[in-house]
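Student: The structure's right below; bear with me while I get my questions together.
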Amino acid sequence: MHPQDVASSLLGALTKREEEDPAGDAPKQENNAEWAIFILLMLLIVAFCVSYTMQQRKITAIHETVVSIFGGMTVGLILRVSGFDSIRDLVNFNYKYFFNLLLPPIILSSGYELHQANFFRNIGTILTFAFAGTFISAVVIGVLLWLYTAISLEGLDVSFIDAISVGATLSATDPVTILAIFNTFKVDPKLYTIIFGESILNDAVAIVIFESAQSAGTKGGGIGIWSALHGIWYFLSEFFGSLAIGAIIGVLTALGLKYTYVRRYPHIESCLVVLIAYATYFFAQAIKMSGIVALLFCGITLKHYAYFNMSRRTQLTTKYIFRILAQLSENFIFIYLGLALFTEKNLVYQPLLIIVTILSVCAARWLAVFPLSKLINWFLRYRARRQGREAAEELPYSYQAMLFWAGLRGAVGVALSALFTAKETQALQATVLVVVVLTVIIFGGTTARMLEILGIRTGVTDEADSDDEFDIEAVGGGLYKRSDTGIGFNPRSSARSRGSVLSLHNVNNATTVAGANPAGGGDGNSWASGHRSPHMPPRTNSRSRMKAPQTNLGDDLERSDLLGASGE
């Protein structure tokens with residue numbers, strides 16, 4: 001090609017680009033982006049206001065997530081009818097935003113707030129549903145969908161691999177609504193833990209099945225014995241490799257906090273913990289591992305080991321930062337799903353395909369719950385008989401029915417559907433989106449009623465509501481309760497007992513007499529975790545030193561640090 005031809009082609013490309021995106025449109029695009037962000041923020045504000053009103057008035061017939069979906073659907077419909085295409089494109093569902101911004105806070109908070117004793121006590125049941133149950137669900141949905149499209153009532157051309165990919169996307173459960181209702185009603189912790197553990201782990205399993213199916217489709221070799229064995233090896237190596245990455249980073253973080261004095265600077269310490277946790281997710285993703293599994297077990301390890309090497313301010317800061325980010329992400333995801341129903345331009349809705357897929361999801365969930373539950377009950381009874389004892393059913397029928405009802409689909413499936421490469425991509429994406437929204441509305445909206453119908457006990461108070469070393473909650477009479485029940489924490493034998501109480505009128509009181517520690521005796525210069533306090537003695541001219549020379553200064557500083565005071 002001659003230089004003149006190259007130059008003319010470059011000039012033509014630049015001219016075309018200017019015509020498509022002239023400089024004069026830059027202010028308009030910025031204005032559209034500002035309107036889009038404002039709309040999303042207002043939807044979040046309205047969602048939280050509705051949540052507050054519902055909690056104040058004890059409304060349980062409908063959950064806030066359902067309200068968030070309907071709010072997103074309403075705004076999406078308005079944008080579609082009014083013709084604001086530029087704004088509609090900006091609020092459209094983007095799977096990159098989902099995987100990189102919205103999903104990590106939810107996974108991290110789940111691992112960090114996990115009740116570890118209940119989780120590992122039921123780990124066998126959780127892994128059975130997460131691994132075998134997800135695989136059964138993906139295969140059943142895929143086979144039924146493939147059989148329906150083979151009949152070709154709607155003229156759809158869906159290969160077996162594409163059908164399995166759809167089955168994998170719809171095997172990822174996301175019972176945020178149901179677990180929130182469980183928290184409100186204080187449902188039996190064992191049932192809560194099983195549903196929670198399955199929903200967290202099966203996201204990673206569904207993603208691996210989806211990637212394996214897409215890889216088989218790309219290579220064009222179909223699904224055979226060799227590809228199935230390769231998929232199993234790929235899954236096991238990715239899962240346990242990601243688990244190791246998260247656990248190792250969590251342990252290294254704990255050692256770093258233990259053998260340094262970074263806890264003297266809680267703001268730096270808090271930033272490091274948050275950044276290390278998020279770096280774990282993106283590192284695992286970058287090396288083709290599962291960021292979900294790595295971040296989940298990083299959060300578990302951080303809470304089990306690193307938490308008790310942090311300063312008290314960092315303990316509180318990380319706990320509530322992770323919880324707040326997760327709450328924002330969860331509400332935003334449901335708003336996002338509602339918007340996507342009307343903001344997506346290329347979706348093709350096939351009513352019969354949607355109905356068949358919903359029925360397939362229900363059938364797959366039934367096959368993944370009831371047979372596996374019977375198998376778990378049989379195995380535990382058999383093991384008990386071998387040990388010469390009797391064992392009650394691990395999963396009674398009411399629990400099995402609730403597990404089936406908790407199988408609503410989540411936003412992970414919608415995000416994965418954006419990666420479809422099938423001929424009927426638009427129809428399959430629309431089907432996945434509608435199924436996810438309908439299952440959240442139908443199953444999530446009737447959970448409270450199902451608890452009542454099934455007779456599942458509520459109002460259950462577990463032996464420890466959280467794994468915090470101290471769970472600071474206001475109690476009657478102006479007192480703050482410290483639970484001292486954290487997993488991985490062994491309290492020192494001292495006068496400070498479990499569930500000790502700290503009187504508010506003594507906090508920051510410089511005239512407290514030494515030895516009159518309302519929380520009990522012990523070394524005032526030590527943390528409850530057994531480590532020495534990093535605080536240096538106060539200056540000679542400080543108020544506490546001048547007024548009360550005999551004061552237990554370390555204990556006062558520890559109390560001040562607990563409530564975020566200055567300590568002077």
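Naming scheme: A, B, ... for chains in displayed order of the structure tokens; residues 1 onward per chain; ligands 1 onward as shown.
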At a cut-off of 10 Å, can you tabulate as a tab-separated table every residue of segment 86-142 of chain A near segment 299-308 of chain A together with its closest atom pair and the distance in Å to one decimal, using only C-alpha atoms and ordering rows by chain then number?
Tutor:
```
residue	atom	partner	partner_atom	distance
A:Ile107	CA	A:Gly299	CA	8.3
A:Leu108	CA	A:Gly299	CA	5.5
A:Ser109	CA	A:Gly299	CA	7.3
A:Ser110	CA	A:Gly299	CA	7.7
A:Gly111	CA	A:Gly299	CA	4.5
A:Tyr112	CA	A:Gly299	CA	4.6
A:Glu113	CA	A:Lys303	CA	7.8
A:Leu114	CA	A:Ile300	CA	7.0
A:His115	CA	A:Ile300	CA	9.3
A:Gln116	CA	A:Ile300	CA	7.8
```
Student: Point out the residue among A:Ile126, A:Ala180, A:Leu341, A:Phe282 with the least atom-to-atom distance to Glu64 of chain A, counting only C-alpha atoms.
Tutor: A:Ala180
Student: Pick out the closest residue to Gly124 of chain A from this set: A:Val432, A:Leu325, A:Thr53, A:Glu198. Count only C-alpha atoms.
Tutor: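 Closest residue, counting only C-alpha atoms: A:Glu198.
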Student: To one decimal place in Å, what is the distance between atom CA of Asn202 of chain A and atom CA of Ala132 of chain A?
Tutor: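 So the answer is 9.6 Å.
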Student: So how many Å separate atom CA of Phe379 of chain A and atom CA of Val293 of chain A, to one decimal?
Tutor: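 Taking atom CA of Phe379 of chain A as the start and atom CA of Val293 of chain A as the end point, the length is 27.4 Å.
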Student: Could you give me, as a PyMOL selection string, the residues within 8 Å of Ala406 of chain A, counting only C-alpha atoms and dropping anything in the same chain fewer than 6 positions from it?
Tutor: chain A and resi 175+178+195+443-444
Student: Between atom CA of Val205 of chain A and atom CA of Phe135 of chain A, what distance in Å does the model show, to one decimal?
Tutor: 8.0 Å
Student: Give me the residues within 10 Å of segment 231-246 of chain A as a PyMOL selection string, counting only C-alpha atoms and dropping any in the same chain fewer than 5 places off.
Tutor: chain A and resi 201+204-205+207-209+211-213+215-216+223+225-226+251+277+280-281+283-285+287-302
Student: Find the spatial neighbours of Gly459 of chain A, counting only C-alpha atoms, within a cut-off of 7 Å - ignore same-chain residues fewer than 4 positions away - and output them as a PyMOL selection string.
Tutor: chain A and resi 185-187
Student: Store the residues picked out above, limited to C-alpha atoms, as a PDB file, in the first residue's frame.
Tutor:
```pdb
ATOM      1  CA  PHE A 185     -37.289 -13.969  61.990  1.00  0.00           C
ATOM      2  CA  LYS A 186     -34.215 -15.524  63.681  1.00  0.00           C
ATOM      3  CA  VAL A 187     -34.643 -18.851  61.871  1.00  0.00           C
TER       4      VAL A 187
END
```
Student: Could you tell me which of A:Val356, A:Val361, A:Leu170, A:Leu454 comes closest to Gln429 of chain A if we count only C-alpha atoms?
Tutor: A:Leu170
Student: Would you write out, as CSV, a table of all residues in segment 249-366 of chain A that have an atom no more than 8 Å from an atom of segment 409-428 of chain A, listing for each the closest atom pair and the distance in Å to one decimal, considering only C-alpha atoms and ordering rows by chain and rising residue number?
Tutor:
```
residue,atom,partner,partner_atom,distance
A:Ile333,CA,A:Ala411,CA,7.1
A:Phe334,CA,A:Ala411,CA,8.0
A:Leu337,CA,A:Ala411,CA,7.4
A:Asn346,CA,A:Gln426,CA,6.1
A:Leu347,CA,A:Gln426,CA,4.8
A:Val348,CA,A:Ala427,CA,4.6
A:Tyr349,CA,A:Ala427,CA,5.8
A:Gln350,CA,A:Ala427,CA,6.5
```
Student: Hey, can you spit out that residue selection with all heavy atoms as a PDB file, in the first residue's frame?
Tutor:
```
ATOM      1  N   ILE A 333     -27.617  -4.177  42.900  1.00  0.00           N
ATOM      2  CA  ILE A 333     -27.763  -5.288  41.954  1.00  0.00           C
ATOM      3  C   ILE A 333     -29.229  -5.509  41.609  1.00  0.00           C
ATOM      4  O   ILE A 333     -29.590  -5.702  40.440  1.00  0.00           O
ATOM      5  CB  ILE A 333     -27.130  -6.566  42.535  1.00  0.00           C
ATOM      6  CG1 ILE A 333     -25.601  -6.477  42.453  1.00  0.00           C
ATOM      7  CG2 ILE A 333     -27.613  -7.807  41.798  1.00  0.00           C
ATOM      8  CD1 ILE A 333     -24.883  -7.579  43.189  1.00  0.00           C
ATOM      9  N   PHE A 334     -30.105  -5.487  42.603  1.00  0.00           N
ATOM     10  CA  PHE A 334     -31.526  -5.711  42.325  1.00  0.00           C
ATOM     11  C   PHE A 334     -32.123  -4.554  41.530  1.00  0.00           C
ATOM     12  O   PHE A 334     -32.979  -4.762  40.664  1.00  0.00           O
ATOM     13  CB  PHE A 334     -32.282  -5.924  43.632  1.00  0.00           C
ATOM     14  CG  PHE A 334     -32.014  -7.262  44.256  1.00  0.00           C
ATOM     15  CD1 PHE A 334     -31.236  -7.373  45.390  1.00  0.00           C
ATOM     16  CD2 PHE A 334     -32.521  -8.419  43.694  1.00  0.00           C
ATOM     17  CE1 PHE A 334     -30.978  -8.609  45.963  1.00  0.00           C
ATOM     18  CE2 PHE A 334     -32.267  -9.661  44.246  1.00  0.00           C
ATOM     19  CZ  PHE A 334     -31.493  -9.757  45.385  1.00  0.00           C
ATOM     20  N   LEU A 337     -30.998  -5.158  37.996  1.00  0.00           N
ATOM     21  CA  LEU A 337     -31.767  -6.190  37.304  1.00  0.00           C
ATOM     22  C   LEU A 337     -33.107  -5.642  36.813  1.00  0.00           C
ATOM     23  O   LEU A 337     -33.556  -5.954  35.706  1.00  0.00           O
ATOM     24  CB  LEU A 337     -32.001  -7.387  38.238  1.00  0.00           C
ATOM     25  CG  LEU A 337     -30.770  -8.208  38.618  1.00  0.00           C
ATOM     26  CD1 LEU A 337     -31.156  -9.312  39.588  1.00  0.00           C
ATOM     27  CD2 LEU A 337     -30.109  -8.802  37.383  1.00  0.00           C
ATOM     28  N   ASN A 346     -31.182  -5.307  22.789  1.00  0.00           N
ATOM     29  CA  ASN A 346     -31.105  -6.431  21.859  1.00  0.00           C
ATOM     30  C   ASN A 346     -31.743  -7.717  22.374  1.00  0.00           C
ATOM     31  O   ASN A 346     -31.485  -8.789  21.837  1.00  0.00           O
ATOM     32  CB  ASN A 346     -29.637  -6.701  21.505  1.00  0.00           C
ATOM     33  CG  ASN A 346     -28.975  -5.498  20.847  1.00  0.00           C
ATOM     34  OD1 ASN A 346     -29.590  -4.820  20.031  1.00  0.00           O
ATOM     35  ND2 ASN A 346     -27.725  -5.246  21.203  1.00  0.00           N
ATOM     36  N   LEU A 347     -32.524  -7.617  23.447  1.00  0.00           N
ATOM     37  CA  LEU A 347     -33.130  -8.824  23.992  1.00  0.00           C
ATOM     38  C   LEU A 347     -34.324  -9.255  23.148  1.00  0.00           C
ATOM     39  O   LEU A 347     -35.093  -8.431  22.662  1.00  0.00           O
ATOM     40  CB  LEU A 347     -33.578  -8.579  25.436  1.00  0.00           C
ATOM     41  CG  LEU A 347     -32.461  -8.278  26.450  1.00  0.00           C
ATOM     42  CD1 LEU A 347     -33.046  -8.100  27.846  1.00  0.00           C
ATOM     43  CD2 LEU A 347     -31.401  -9.361  26.450  1.00  0.00           C
ATOM     44  N   VAL A 348     -34.455 -10.583  23.004  1.00  0.00           N
ATOM     45  CA  VAL A 348     -35.579 -11.162  22.264  1.00  0.00           C
ATOM     46  C   VAL A 348     -36.328 -12.083  23.222  1.00  0.00           C
ATOM     47  O   VAL A 348     -35.791 -13.112  23.660  1.00  0.00           O
ATOM     48  CB  VAL A 348     -35.094 -11.957  21.030  1.00  0.00           C
ATOM     49  CG1 VAL A 348     -36.282 -12.606  20.320  1.00  0.00           C
ATOM     50  CG2 VAL A 348     -34.319 -11.057  20.082  1.00  0.00           C
ATOM     51  N   TYR A 349     -37.547 -11.726  23.554  1.00  0.00           N
ATOM     52  CA  TYR A 349     -38.331 -12.483  24.527  1.00  0.00           C
ATOM     53  C   TYR A 349     -39.142 -13.564  23.823  1.00  0.00           C
ATOM     54  O   TYR A 349     -39.931 -13.281  22.925  1.00  0.00           O
ATOM     55  CB  TYR A 349     -39.252 -11.552  25.309  1.00  0.00           C
ATOM     56  CG  TYR A 349     -38.502 -10.542  26.165  1.00  0.00           C
ATOM     57  CD1 TYR A 349     -38.271  -9.252  25.706  1.00  0.00           C
ATOM     58  CD2 TYR A 349     -38.015 -10.898  27.414  1.00  0.00           C
ATOM     59  CE1 TYR A 349     -37.583  -8.331  26.480  1.00  0.00           C
ATOM     60  CE2 TYR A 349     -37.324  -9.989  28.203  1.00  0.00           C
ATOM     61  CZ  TYR A 349     -37.109  -8.711  27.725  1.00  0.00           C
ATOM     62  OH  TYR A 349     -36.421  -7.803  28.490  1.00  0.00           O
ATOM     63  N   GLN A 350     -38.920 -14.805  24.252  1.00  0.00           N
ATOM     64  CA  GLN A 350     -39.642 -15.969  23.727  1.00  0.00           C
ATOM     65  C   GLN A 350     -40.476 -16.553  24.864  1.00  0.00           C
ATOM     66  O   GLN A 350     -39.935 -17.245  25.741  1.00  0.00           O
ATOM     67  CB  GLN A 350     -38.668 -17.017  23.185  1.00  0.00           C
ATOM     68  CG  GLN A 350     -37.765 -16.537  22.071  1.00  0.00           C
ATOM     69  CD  GLN A 350     -38.506 -16.445  20.737  1.00  0.00           C
ATOM     70  OE1 GLN A 350     -39.673 -16.792  20.639  1.00  0.00           O
ATOM     71  NE2 GLN A 350     -37.828 -15.959  19.715  1.00  0.00           N
TER      72      GLN A 350
END
```
